[in-house]
$ cat model_10.txt   # compact mmCIF, C-alpha atoms
# COMPACT_ATOMS: atom_id res chain seq x y z
CA MET A 1 103.69 101.68 100.08
CA ILE A 2 103.19 105.16 101.57
CA THR A 3 104.53 104.65 105.09
CA ASP A 4 104.47 107.41 107.70
CA ASN A 5 107.98 108.61 106.88
CA LEU A 6 106.80 109.45 103.34
CA THR A 7 103.74 111.46 104.38
CA THR A 8 103.71 115.24 104.03
CA ALA A 9 100.37 116.47 105.39
CA VAL A 10 97.94 115.56 108.15
CA TYR A 11 94.21 115.93 108.74
CA PHE A 12 92.09 115.94 111.89
CA SER A 13 88.38 115.94 112.61
CA ASP A 14 86.89 119.41 112.97
CA LEU A 15 85.53 118.12 116.29
CA LEU A 16 89.03 117.95 117.74
CA PRO A 17 89.29 121.65 118.77
CA LYS A 18 86.08 121.27 120.77
CA LYS A 19 86.66 117.79 122.23
CA CYS A 20 90.39 118.17 122.94
CA PRO A 21 91.18 121.92 122.87
CA THR A 22 94.54 121.79 124.67
CA LEU A 23 95.78 118.86 122.59
CA ASN A 24 94.62 120.53 119.41
CA GLN A 25 96.44 123.75 120.28
CA HIS A 26 99.72 121.95 121.02
CA ILE A 27 99.58 119.93 117.81
CA ALA A 28 98.76 122.98 115.70
CA GLU A 29 101.67 124.95 117.17
CA VAL A 30 104.16 122.15 116.54
CA LEU A 31 102.97 121.48 113.00
CA GLU A 32 103.08 125.18 112.13
CA ALA A 33 106.57 125.51 113.62
CA ASN A 34 107.71 122.62 111.44
CA ARG A 35 105.85 123.90 108.35
CA ILE A 36 103.76 120.77 108.00
CA PRO A 37 100.40 121.38 106.31
CA TYR A 38 97.34 120.34 108.28
CA ALA A 39 93.60 120.81 107.99
CA TYR A 40 90.31 119.74 109.57
CA LEU A 41 87.75 117.38 108.08
CA SER A 42 84.05 118.23 108.23
CA GLU A 43 81.14 115.77 108.34
CA THR A 44 82.92 113.60 110.92
CA LYS A 45 80.99 112.04 113.80
CA ASP A 46 83.95 111.52 116.13
CA ILE A 47 87.62 112.48 116.43
CA TRP A 48 89.15 109.13 115.36
CA CYS A 49 90.04 109.94 111.74
CA ARG A 50 92.41 107.00 111.45
CA ASP A 51 89.57 104.53 111.69
CA PHE A 52 87.32 105.68 108.86
CA MET A 53 89.47 107.48 106.29
CA PRO A 54 90.81 105.63 103.22
CA ILE A 55 94.26 104.06 103.52
CA GLN A 56 96.88 105.45 101.13
CA ILE A 57 99.19 102.89 99.54
CA ALA A 58 100.49 104.98 96.62
CA GLU A 59 100.31 108.64 95.69
CA ASP A 60 97.31 107.93 93.45
CA ARG A 61 95.83 104.88 95.17
CA PHE A 62 93.74 104.59 98.33
CA VAL A 63 91.87 101.67 99.84
CA SER A 64 88.34 102.27 101.12
CA TYR A 65 86.30 99.75 103.09
CA LYS A 66 83.09 99.21 105.03
CA TYR A 67 83.40 101.24 108.22
CA THR A 68 80.89 99.32 110.29
CA PRO A 69 83.03 97.81 113.08
CA GLY A 70 81.34 95.68 115.70
CA TYR A 71 82.16 98.08 118.51
CA LEU A 72 79.98 100.76 116.87
CA GLN A 73 76.87 98.67 116.30
CA ASP A 74 74.99 99.56 119.48
CA LYS A 75 72.68 102.57 119.74
CA THR A 76 75.40 104.92 120.95
CA GLY A 77 78.00 103.66 118.50
CA LEU A 78 75.80 104.08 115.45
CA ARG A 79 75.58 107.81 116.18
CA LEU A 80 79.39 107.95 116.08
CA GLN A 81 79.78 106.05 112.82
CA THR A 82 81.23 108.43 110.23
CA ASN A 83 80.43 108.02 106.54
CA PRO A 84 83.84 108.52 104.88
CA GLU A 85 82.27 109.22 101.49
CA ALA A 86 80.41 112.17 103.01
CA VAL A 87 83.68 113.47 104.40
CA LEU A 88 85.47 113.15 101.05
CA GLN A 89 82.64 114.63 99.02
CA THR A 90 82.39 117.81 101.09
CA SER A 91 83.84 120.53 98.89
CA GLN A 92 85.54 122.42 101.69
CA ASN A 93 87.68 119.33 102.39
CA ARG A 94 89.06 119.41 98.82
CA LEU A 95 89.49 115.64 98.83
CA THR A 96 87.07 114.39 96.17
CA HIS A 97 90.03 113.10 94.13
CA VAL A 98 90.85 110.69 96.99
CA LEU A 99 87.48 109.08 96.40
CA GLN A 100 88.17 108.97 92.67
CA ASN A 101 91.47 107.18 93.31
CA ALA A 102 90.10 104.78 95.90
CA VAL A 103 89.62 101.05 95.47
CA THR A 104 86.70 99.95 97.63
CA ILE A 105 86.92 96.48 99.13
CA ASP A 106 84.01 94.37 100.33
CA LEU A 107 85.31 94.02 103.86
CA VAL A 108 84.47 95.50 107.25
CA LEU A 109 87.64 97.18 108.43
CA ASP A 110 88.92 100.17 110.35
CA GLY A 111 92.17 102.02 109.81
CA GLY A 112 93.35 101.57 113.38
CA ASN A 113 93.87 97.91 112.51
CA VAL A 114 96.18 98.68 109.59
CA VAL A 115 99.85 99.44 110.27
CA LYS A 116 101.87 99.94 107.09
CA CYS A 117 105.37 98.47 107.39
CA ASN A 118 107.02 98.97 104.01
CA ASN A 119 105.97 95.89 101.99
CA THR A 120 103.83 94.38 104.75
CA ILE A 121 100.56 95.34 106.44
CA VAL A 122 100.25 94.37 110.12
CA MET A 123 96.73 93.66 111.38
CA THR A 124 95.11 91.72 114.18
CA GLU A 125 92.92 88.73 113.47
CA LYS A 126 89.89 90.79 114.46
CA VAL A 127 89.49 91.41 110.74
CA PHE A 128 88.35 87.79 110.40
CA ALA A 129 85.80 88.19 113.20
CA GLU A 130 84.40 91.30 111.47
CA ASN A 131 83.94 89.38 108.21
CA ARG A 132 82.52 86.03 109.26
CA ASN A 133 80.52 85.86 106.02
CA LYS A 134 83.80 85.14 104.24
CA SER A 135 86.43 82.47 104.73
CA ILE A 136 89.81 83.38 106.19
CA ASN A 137 91.41 82.63 102.82
CA GLU A 138 88.99 84.94 101.02
CA VAL A 139 89.58 87.81 103.47
CA ASP A 140 93.34 87.31 103.11
CA ARG A 141 93.11 87.32 99.32
CA ILE A 142 91.01 90.52 99.23
CA LEU A 143 93.45 92.32 101.53
CA LYS A 144 96.55 91.24 99.62
CA ASP A 145 95.01 92.20 96.28
CA ALA A 146 93.91 95.61 97.58
CA PHE A 147 97.09 96.56 99.43
CA ARG A 148 99.40 94.87 96.93
CA CYS A 149 101.60 93.48 99.67
CA ASP A 150 101.89 90.77 102.30
CA VAL A 151 99.64 90.85 105.36
CA LEU A 152 100.86 89.76 108.78
CA TYR A 153 98.11 88.82 111.23
CA LEU A 154 98.66 89.17 114.96
CA PRO A 155 96.40 87.33 117.41
CA TRP A 156 93.47 89.36 118.70
CA ASP A 157 93.48 89.88 122.45
CA HIS A 158 89.73 89.83 123.10
CA GLN A 159 90.24 91.89 126.25
CA GLU A 160 90.99 94.78 123.87
CA THR A 161 87.62 95.44 122.25
CA PHE A 162 88.83 97.48 119.30
CA GLY A 163 91.42 94.94 118.13
CA HIS A 164 93.63 97.64 116.65
CA SER A 165 97.19 96.89 115.61
CA ASP A 166 98.18 100.56 116.00
CA GLY A 167 97.98 100.06 119.77
CA ILE A 168 100.56 97.28 119.49
CA VAL A 169 103.13 98.13 116.85
CA HIS A 170 104.58 101.03 114.86
CA TYR A 171 106.91 100.85 111.87
CA ALA A 172 110.32 102.34 112.62
CA GLY A 173 111.82 102.08 109.14
CA GLU A 174 114.60 99.93 107.69
CA GLY A 175 112.93 96.64 108.56
CA LYS A 176 112.34 97.57 112.22
CA VAL A 177 109.16 97.80 114.26
CA LEU A 178 108.52 99.15 117.72
CA ILE A 179 106.23 97.08 119.91
CA THR A 180 104.46 98.45 122.94
CA ASN A 181 105.02 97.14 126.48
CA TYR A 182 102.26 94.57 126.06
CA GLY A 183 104.15 92.25 128.38
CA ASP A 184 102.97 94.42 131.27
CA ILE A 185 99.37 93.76 130.18
CA SER A 186 99.47 90.18 128.93
CA PRO A 187 102.81 88.33 128.72
CA ARG A 188 101.14 85.51 126.80
CA TYR A 189 99.93 87.76 123.98
CA TYR A 190 103.16 89.77 124.06
CA ASN A 191 105.19 86.63 123.35
CA ARG A 192 102.86 85.66 120.52
CA PHE A 193 103.15 89.14 119.01
CA ARG A 194 106.95 89.05 119.17
CA ILE A 195 107.21 85.59 117.66
CA ALA A 196 105.02 86.60 114.72
CA LEU A 197 106.76 89.94 114.15
CA GLU A 198 110.30 88.59 114.46
CA LYS A 199 109.74 86.43 111.40
CA HIS A 200 109.58 89.62 109.34
CA PHE A 201 111.17 92.47 111.29
CA GLU A 202 113.73 93.48 113.83
CA VAL A 203 111.53 94.04 116.88
CA ILE A 204 112.34 96.82 119.35
CA PRO A 205 110.24 96.60 122.53
CA LEU A 206 109.31 99.63 124.59
CA TYR A 207 109.77 99.17 128.32
CA TYR A 208 109.52 101.36 131.39
CA LYS A 209 111.52 101.30 134.60
CA THR A 210 108.97 102.34 137.19
CA LYS A 211 107.69 100.88 140.44
CA LYS A 212 104.30 100.36 138.85
CA ILE A 213 103.49 100.51 135.13
CA HIS A 214 100.57 102.85 134.47
CA ALA A 215 97.53 101.42 132.67
CA ARG A 216 97.79 104.15 130.01
CA SER A 217 101.40 103.36 129.05
CA TRP A 218 100.09 101.57 125.93
CA ALA A 219 99.48 105.01 124.39
CA TYR A 220 103.13 105.81 123.66
CA ILE A 221 103.22 103.43 120.68
CA ASN A 222 100.27 105.32 119.20
CA PHE A 223 102.38 108.26 118.10
CA LEU A 224 101.89 110.42 115.03
CA GLN A 225 104.63 110.54 112.41
CA VAL A 226 104.56 112.92 109.46
CA GLY A 227 107.77 112.62 107.46
CA LYS A 228 110.65 113.01 109.88
CA LEU A 229 108.56 114.59 112.64
CA ILE A 230 107.26 112.33 115.39
CA LEU A 231 104.79 113.47 118.04
CA VAL A 232 104.64 111.18 121.06
CA PRO A 233 101.78 111.24 123.58
CA GLN A 234 102.73 112.63 126.97
CA LEU A 235 100.60 111.57 129.91
CA GLY A 236 102.12 113.34 132.90
CA LEU A 237 103.83 110.10 133.99
CA GLU A 238 107.42 109.17 134.70
CA GLU A 239 107.19 106.90 131.64
CA ASP A 240 106.90 110.01 129.41
CA GLU A 241 110.63 110.74 129.15
CA GLN A 242 111.51 107.06 128.84
CA ALA A 243 109.17 106.69 125.88
CA LEU A 244 110.63 109.76 124.17
CA GLU A 245 114.16 108.51 124.66
CA GLN A 246 113.46 105.00 123.39
CA ILE A 247 111.58 106.17 120.30
CA SER A 248 114.34 108.71 119.56
CA ASN A 249 116.98 106.00 119.83
CA ALA A 250 115.03 103.67 117.55
CA MET A 251 114.40 106.38 114.93
CA PRO A 252 117.50 108.63 115.09
CA ASP A 253 116.80 110.37 111.77
CA CYS A 254 113.57 111.84 113.12
CA GLU A 255 112.78 114.75 115.40
CA VAL A 256 110.83 113.31 118.32
CA LEU A 257 108.68 115.66 120.40
CA GLY A 258 106.23 115.13 123.22
CA ILE A 259 102.62 116.33 123.05
CA PRO A 260 100.29 116.43 126.10
CA ALA A 261 97.66 113.91 125.00
CA LEU A 262 95.55 113.00 128.03
CA GLU A 263 92.45 114.57 126.51
CA ALA A 264 92.47 111.94 123.78
CA VAL A 265 93.86 109.04 125.79
CA ARG A 266 91.07 109.37 128.35
CA ARG A 267 88.66 108.87 125.44
CA GLY A 268 90.39 105.64 124.41
CA GLY A 269 92.84 106.69 121.69
CA ALA A 270 96.00 108.67 121.12
CA LEU A 271 97.80 110.65 118.41
CA ASN A 272 97.78 108.12 115.60
CA CYS A 273 94.08 107.54 116.25
CA ILE A 274 93.10 111.20 115.87
CA SER A 275 95.05 111.79 112.66
CA TRP A 276 95.02 110.92 108.97
CA ASN A 277 98.44 111.53 107.45
CA ILE A 278 99.03 111.20 103.71
CA LYS A 279 101.49 112.05 101.00
CA ALA A 280 99.73 115.09 99.63
CA SER A 281 99.23 115.89 95.97
CA ASN A 282 99.58 119.46 94.71
CA ARG A 283 95.85 120.13 95.20
CA GLU A 284 96.10 119.13 98.86
CA LYS A 285 98.99 121.44 99.74
CA HIS A 286 97.76 124.32 101.85
$ encode --input "model_10.txt" --output "structure tokens"
Amino acid sequence: MITDNLTTAVYFSDLLPKKCPTLNQHIAEVLEANRIPYAYLSETKDIWCRDFMPIQIAEDRFVSYKYTPGYLQDKTGLRLQTNPEAVLQTSQNRLTHVLQNAVTIDLVLDGGNVVKCNNTIVMTEKVFAENRNKSINEVDRILKDAFRCDVLYLPWDHQETFGHSDGIVHYAGEGKVLITNYGDISPRYYNRFRIALEKHFEVIPLYYKTKKIHARSWAYINFLQVGKLILVPQLGLEEDEQALEQISNAMPDCEVLGIPALEAVRRGGALNCISWNIKASNREKH
């Protein structure tokens, strides 16, 4: 499994410089300083690359899917629904070989609901709601066959429309996962998440010592990791430094840096959401 610590390059939508200019500038400067290749994808309809791009599970194997999530099926959402094949086939993106090495599954899915944790994929049960034409057992079988690993399903908190697991958990390596401070949002779901995760991983919860937890504190778990570099959203809150410290302590082999990310967070996502990080082949190295 190509987990974040094995990735070597990262892509963003070419809409990012326009939609989030300050965030884009900060990310570009940090990636260049750390000599990490990055590029921009054309033919995208929004900035959330994570959701529609194929999921890499081996250097020469990607998993593609139907990117028609329920939250994009109204009139406005349909205009924002990117066709990933169009993105991959555009010559300037130099990614046609990804399409050639992709296994396409007959499931509605989005990448924000796929967190790769070594030999396990963590998803929320929203995947079953998106594929009601199939039984739970059939959906489970298709996912396990495609990803060639176990799949752990977390309950879907219906108050969170997107149902993305990357707003809940992030793999920290060596059998550990970080879990966001969901207890400040819904203690009931938080306990259910922990119980499910602790059957497979050492669970490290993020927590913040403040008088009042900010509603955007969920975003810290949605950090971007490329190899040993971790970029953590910074929101201009007192929780910022606490999040950096806790993630650094949990992942001591990595360099953990803060990136001002309000431009994206105000739109509903954070740094993992806006990025597509992969282990690049020779043709992808810039």
$ atom_distance --input "model_10.txt" --atom1 "atom CA of Ser217 of chain A" --atom2 "atom CA of Phe162 of chain A"
17.0 Å
$ closest_residue --input "model_10.txt" --among "A:Leu206, A:Val103, A:Ile2, A:Ile274" --to "Gln242 of chain A" --atoms "only C-alpha atoms"
A:Leu206
$ atom_distance --input "model_10.txt" --atom1 "atom CA of Leu229 of chain A" --atom2 "atom CA of Glu85 of chain A"
29.1 Å
$ closest_residue --input "model_10.txt" --among "A:Ile185, A:Val122, A:Val203, A:Ala196" --to "Glu160 of chain A" --atoms "all atoms listed in the file"
A:Ile185
$ residues_around --input "model_10.txt" --residues "Ile230 of chain A" --least-positions-apart "5" --cutoff "7 Å" --atoms "all atoms listed in the file" --output "NGL selection string"
:A and (223-225 or 254-257)
